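Visitor: Sharing a structure with you now.
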Protein chains: 2
Amino acid sequence: MMAAEPIRDRRAERREATKTEILDAAWELVRAEGLAALTLRDLAAKVGMRPPSLYSYFDSKNAIYDAMFRQGNLELLARCEALPEPEDPLDALRASGRMFVEFGVEDPARALLLFLRTIPGFEPSPETYAIAVRIVELARTRMSRYGIPADYFDLWTSLVSGVVWQQIANEPGGDRWTRWVDDLADMFLAQVNRR
Amino acid sequence: MMAAEPIRDRRAERREATKTEILDAAWELVRAEGLAALTLRDLAAKVGMRPPSLYSYFDSKNAIYDAMFRQGNLELLARCEALPEPEDPLDALRASGRMFVEFGVEDPARALLLFLRTIPGFEPSPETYAIAVRIVELARTRMSRYGIPADYFDLWTSLVSGVVWQQIANEPGGDRWTRWVDDLADMFLAQVNRR
DNA sequence: GTCTATATCCAGATAGAC
DNA sequence: GTCTATCTGGATATAGAC
């Protein structure tokens, strides 16, 4: 007797596709109008629905923010895992700095959602927050493998995020701050080696 | 004949006092509820008025944000001007870094209003924005007096603001990032002297 | 200057027919 | 799953009496 083909749940697939479509539209809206300006009306209009229909896919507006928070962190986690691991610590720092800065400035609304708490009622669910924690742990582990003392990790994150926020706030789309990222790695390593 | 006493405009004084009172209440609200959560209802309630009465003092909600933006920048400007100017560049950098970091973390809502653009409809008026520009010019001038090349100014601002945002986002009220500010000055000067 | 009353609009969310 | 209709509440802002 032949093994039965695995049966695809076409309904579930379709549902997931629609959820993805809604989230894509939400990202477009926040990129264009700002993170706080997202409304279910606009979102529904963008995907060709009436607002109540969105509730078939997400329980609330905050559930949408939560899904976006999750997507953003998964994307960042993927980029962290895809990072090369060269022998030279300086090369490694530069690569990770560039990656993170690029991630931050390429989508300011996403950076605001992921890294600052600016939406009044929203807090990520524990499951999605766990992804953010994994990212930090991964970065921390990598640094220690390069022999950098653990307490310097915080210093490094502040250097990188400083570049991101200054660039976003003062010259979105430009490189007046992002171009410092390689020097940042120099400075940082020199400081680490100083003691 | 005796010179006439200068006549105080008691009505105008009273009016200014009320405006100040409203702004004080607004600061309290945004500190407690977040910058975006400010509403005229809450604000009026806090000063013992009905919402329409606020329009006797401010033309619109954005005018209130603008006045707050102005106040915040005036405060920062005053602190910049009050900064000591020691001979040693390192001491000067440390003092300015500490001052700025303290200013940022002591009121996250104010930092958000002044340094990031997070309120959808709000843009500061040219007059108030001019104050922010003066602050930057002042800091820039000071740095050049200490012999630091002009292009390093951006680097320094990113170092300091990185500490501020990381502290605000991840441990408001703590010092896990702010305590790095002296090292930041070391690192920065070392990098400047390297070339 | 402050109030009541109201205009206008928009938000997130729910009920229930189809 | 999607819709229409509606609820409920809140926002900024204005008109006009006192």
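In the structure tokens, the first chain shown is A, the next is B, and so on; residue numbers restart at 1 for each chain, and ligands run from 1 in the order shown.
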At a cut-off of 12 Å, list the chain A residues touching chain C, using only C-alpha atoms (C1' of nucleotides), as a list in words.
Guide: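 Taking only C-alpha atoms (C1' of nucleotides) into account, Ala37, Leu38, Thr39, Leu40, Arg41, Asp42, Pro51, Pro52, Ser53, Leu54, Tyr55, Phe58, Asp59, Ser60, Lys61 and Asn62 of chain A sit within 12 Å of chain C.
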Visitor: Residues as selected, all heavy atoms, written as a compact mmCIF listing (two decimals), in the first residue's frame, can you do that?
Guide:
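Below you can see part.txt, which holds the result:
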# COMPACT_ATOMS: atom_id res chain seq x y z
N ALA A 37 1.19 56.47 13.98
CA ALA A 37 0.07 56.89 13.13
C ALA A 37 -0.70 55.71 12.54
O ALA A 37 -1.65 55.90 11.79
CB ALA A 37 0.59 57.80 12.02
N LEU A 38 -0.29 54.51 12.88
CA LEU A 38 -0.99 53.34 12.33
C LEU A 38 -2.42 53.24 12.85
O LEU A 38 -2.65 53.31 14.05
CB LEU A 38 -0.22 52.07 12.72
CG LEU A 38 -0.82 50.74 12.23
CD1 LEU A 38 -0.74 50.62 10.73
CD2 LEU A 38 -0.10 49.57 12.89
N THR A 39 -3.39 53.11 11.94
CA THR A 39 -4.78 52.91 12.34
C THR A 39 -5.34 51.71 11.58
O THR A 39 -4.91 51.40 10.47
CB THR A 39 -5.66 54.13 12.05
OG1 THR A 39 -5.83 54.26 10.64
CG2 THR A 39 -5.07 55.40 12.62
N LEU A 40 -6.32 51.08 12.21
CA LEU A 40 -6.93 49.90 11.59
C LEU A 40 -7.69 50.28 10.33
O LEU A 40 -7.82 49.48 9.40
CB LEU A 40 -7.84 49.20 12.59
CG LEU A 40 -7.13 48.69 13.85
CD1 LEU A 40 -8.09 47.87 14.70
CD2 LEU A 40 -5.91 47.85 13.49
N ARG A 41 -8.23 51.47 10.29
CA ARG A 41 -8.91 51.95 9.08
C ARG A 41 -7.96 51.94 7.88
O ARG A 41 -8.25 51.35 6.84
CB ARG A 41 -9.40 53.37 9.29
CG ARG A 41 -10.55 53.53 10.21
CD ARG A 41 -10.73 55.02 10.50
NE ARG A 41 -12.00 55.54 9.99
CZ ARG A 41 -13.15 55.37 10.62
NH1 ARG A 41 -13.19 54.68 11.73
NH2 ARG A 41 -14.26 55.87 10.12
N ASP A 42 -6.84 52.65 8.06
CA ASP A 42 -5.87 52.74 6.96
C ASP A 42 -5.36 51.37 6.57
O ASP A 42 -5.21 51.06 5.38
CB ASP A 42 -4.68 53.62 7.38
CG ASP A 42 -5.09 55.06 7.63
OD1 ASP A 42 -6.21 55.44 7.23
OD2 ASP A 42 -4.29 55.80 8.24
N PRO A 51 -12.43 47.48 8.27
CA PRO A 51 -11.70 47.33 9.53
C PRO A 51 -12.09 46.10 10.36
O PRO A 51 -11.19 45.42 10.87
CB PRO A 51 -12.00 48.64 10.26
CG PRO A 51 -12.22 49.62 9.17
CD PRO A 51 -12.88 48.87 8.05
N PRO A 52 -13.37 45.79 10.53
CA PRO A 52 -13.68 44.64 11.40
C PRO A 52 -13.09 43.33 10.90
O PRO A 52 -12.85 42.41 11.70
CB PRO A 52 -15.21 44.59 11.39
CG PRO A 52 -15.64 45.96 11.04
CD PRO A 52 -14.60 46.47 10.08
N SER A 53 -12.88 43.22 9.61
CA SER A 53 -12.36 41.96 9.07
C SER A 53 -10.96 41.65 9.59
O SER A 53 -10.55 40.49 9.66
CB SER A 53 -12.33 42.02 7.55
OG SER A 53 -13.63 42.29 7.04
N LEU A 54 -10.23 42.70 9.97
CA LEU A 54 -8.89 42.46 10.50
C LEU A 54 -8.93 41.62 11.76
O LEU A 54 -7.98 40.91 12.08
CB LEU A 54 -8.19 43.80 10.79
CG LEU A 54 -7.89 44.68 9.58
CD1 LEU A 54 -7.37 46.03 10.04
CD2 LEU A 54 -6.89 44.00 8.65
N TYR A 55 -10.05 41.69 12.46
CA TYR A 55 -10.15 40.95 13.72
C TYR A 55 -10.25 39.45 13.51
O TYR A 55 -10.16 38.67 14.46
CB TYR A 55 -11.33 41.47 14.55
CG TYR A 55 -11.04 42.81 15.19
CD1 TYR A 55 -11.26 44.00 14.49
CD2 TYR A 55 -10.49 42.89 16.45
CE1 TYR A 55 -10.98 45.23 15.05
CE2 TYR A 55 -10.21 44.12 17.04
CZ TYR A 55 -10.45 45.29 16.32
OH TYR A 55 -10.15 46.51 16.88
N PHE A 58 -6.19 39.17 13.66
CA PHE A 58 -5.49 39.64 14.87
C PHE A 58 -6.50 40.08 15.91
O PHE A 58 -7.49 40.72 15.59
CB PHE A 58 -4.56 40.81 14.51
CG PHE A 58 -3.46 40.44 13.56
CD1 PHE A 58 -3.59 40.69 12.19
CD2 PHE A 58 -2.29 39.83 14.02
CE1 PHE A 58 -2.58 40.33 11.30
CE2 PHE A 58 -1.28 39.48 13.14
CZ PHE A 58 -1.43 39.73 11.77
N ASP A 59 -6.24 39.72 17.15
CA ASP A 59 -7.20 39.98 18.22
C ASP A 59 -7.37 41.46 18.53
O ASP A 59 -8.38 41.86 19.10
CB ASP A 59 -6.75 39.27 19.50
CG ASP A 59 -6.98 37.77 19.40
OD1 ASP A 59 -7.77 37.36 18.51
OD2 ASP A 59 -6.37 37.02 20.17
N SER A 60 -6.35 42.24 18.25
CA SER A 60 -6.39 43.65 18.63
C SER A 60 -5.30 44.39 17.86
O SER A 60 -4.46 43.78 17.19
CB SER A 60 -6.16 43.82 20.13
OG SER A 60 -4.84 43.44 20.45
N LYS A 61 -5.31 45.67 18.00
CA LYS A 61 -4.27 46.46 17.37
C LYS A 61 -2.91 46.13 17.98
O LYS A 61 -1.90 46.02 17.28
CB LYS A 61 -4.58 47.94 17.54
CG LYS A 61 -3.64 48.84 16.78
CD LYS A 61 -3.94 50.29 17.07
CE LYS A 61 -2.97 51.19 16.33
NZ LYS A 61 -3.22 52.62 16.62
N ASN A 62 -2.89 45.97 19.27
CA ASN A 62 -1.62 45.64 19.92
C ASN A 62 -1.10 44.28 19.47
O ASN A 62 0.11 44.06 19.44
CB ASN A 62 -1.76 45.68 21.44
CG ASN A 62 -1.54 47.08 21.98
OD1 ASN A 62 -1.12 47.98 21.25
ND2 ASN A 62 -1.83 47.28 23.25
Visitor: From a DSSP calculation on the backbone, collect every residue of chain A in helix (DSSP H, G or I) and output the set as an MDAnalysis selection string.
Guide: chainID A and resid 10:33 35:37 40:46 51:56 61:81 89:105 108:115 126:145 152:170 178:194
Visitor: For chain D, which residues have at least one atom within 10 Å of chain B, if we go by only C-alpha atoms (C1' of nucleotides)? Write them as a short mmCIF file (atom, residue, chain, number, x, y, z; two decimals) with C-alpha atoms (C1' of nucleotides), in the first residue's frame, please.
Guide:
data_model
loop_
_atom_site.label_atom_id
_atom_site.label_comp_id
_atom_site.auth_asym_id
_atom_site.auth_seq_id
_atom_site.Cartn_x
_atom_site.Cartn_y
_atom_site.Cartn_z
"C1'" DG D 10 -12.11 60.00 23.19
"C1'" DA D 11 -9.82 63.41 20.58
"C1'" DT D 12 -9.19 68.60 19.09
"C1'" DA D 13 -11.50 72.52 18.40
"C1'" DT D 14 -15.27 76.23 18.13
#
Visitor: Rounded to one decimal, what separation in Å do you get between atom CA of Leu184 of chain B and atom CA of Ser96 of chain A?
Guide: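 Atom CA of Leu184 of chain B sits 20.0 Å away from atom CA of Ser96 of chain A.
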Visitor: Give me the residues within 10 Å of segment 64-66 of chain B as a list in words, counting only C-alpha atoms (C1' of nucleotides) and dropping any in the same chain fewer than 2 places off.
Guide: Lys19, Ile22, Leu23, Ala26, Trp27, Leu35, Leu38, Leu40, Leu54, Tyr57, Phe58, Asp59, Ser60, Lys61, Asn62, Met68, Phe69, Arg70, Gln71, Gly72, Leu113, Ile119, Phe122, Glu123, Pro124, Ser125, Glu127, Thr128 and Tyr129 of chain B
Visitor: Could you turn the residues from that selection into a file that holds C-alpha atoms, as a PDB file, in the first residue's frame?
Guide:
ATOM      1  CA  LYS B  19       0.842  79.469  31.104  1.00  0.00           C
ATOM      2  CA  ILE B  22      -0.128  74.645  32.419  1.00  0.00           C
ATOM      3  CA  LEU B  23       3.265  73.704  31.042  1.00  0.00           C
ATOM      4  CA  ALA B  26       1.984  69.030  30.909  1.00  0.00           C
ATOM      5  CA  TRP B  27       5.507  67.959  31.845  1.00  0.00           C
ATOM      6  CA  LEU B  35       4.905  61.866  25.523  1.00  0.00           C
ATOM      7  CA  LEU B  38      -0.804  63.872  26.479  1.00  0.00           C
ATOM      8  CA  LEU B  40      -6.064  68.337  26.580  1.00  0.00           C
ATOM      9  CA  LEU B  54      -6.738  76.041  27.566  1.00  0.00           C
ATOM     10  CA  TYR B  57      -3.447  80.330  26.578  1.00  0.00           C
ATOM     11  CA  PHE B  58      -2.362  78.154  23.686  1.00  0.00           C
ATOM     12  CA  ASP B  59      -3.696  78.126  20.141  1.00  0.00           C
ATOM     13  CA  SER B  60      -3.543  74.379  19.769  1.00  0.00           C
ATOM     14  CA  LYS B  61      -2.138  71.227  21.222  1.00  0.00           C
ATOM     15  CA  ASN B  62       0.893  71.541  18.994  1.00  0.00           C
ATOM     16  CA  MET B  68       7.569  72.499  25.870  1.00  0.00           C
ATOM     17  CA  PHE B  69      10.158  72.020  23.164  1.00  0.00           C
ATOM     18  CA  ARG B  70      11.238  75.583  23.766  1.00  0.00           C
ATOM     19  CA  GLN B  71      11.423  75.193  27.532  1.00  0.00           C
ATOM     20  CA  GLY B  72      13.429  72.012  27.245  1.00  0.00           C
ATOM     21  CA  LEU B 113      10.463  65.380  22.382  1.00  0.00           C
ATOM     22  CA  ILE B 119       4.901  62.859  17.528  1.00  0.00           C
ATOM     23  CA  PHE B 122       4.380  68.094  15.460  1.00  0.00           C
ATOM     24  CA  GLU B 123       7.242  70.164  14.142  1.00  0.00           C
ATOM     25  CA  PRO B 124       8.857  72.913  16.173  1.00  0.00           C
ATOM     26  CA  SER B 125       8.370  76.464  14.997  1.00  0.00           C
ATOM     27  CA  GLU B 127      11.869  80.379  16.577  1.00  0.00           C
ATOM     28  CA  THR B 128      12.032  77.465  18.947  1.00  0.00           C
ATOM     29  CA  TYR B 129      14.105  75.408  16.593  1.00  0.00           C
TER      30      TYR B 129
END
Visitor: Using only C-alpha atoms and a cut-off of 8 Å, which residues of chain B sit close to chain A? Please list them as an MDAnalysis selection string.
Guide: chainID B and resid 33:37 115:120 154:155 157:163 165:166 169 176:177 180 187:188 190:191
Visitor: As an MDAnalysis selection string, please: the residues near Arg142 of chain A (cut-off 12 Å, only C-alpha atoms (C1' of nucleotides), same-chain neighbours under 5 positions excluded).
Guide: chainID A and resid 80:81 83:87 89 92:93 96 135:137 147:150 153
Visitor: Mind giving me the straight-line distance from atom CA of Gly97 of chain B to atom CA of Gly173 of chain A in Å, one decimal?
Guide: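 Atom-to-atom, atom CA of Gly97 of chain B and atom CA of Gly173 of chain A are spaced 26.8 Å apart.
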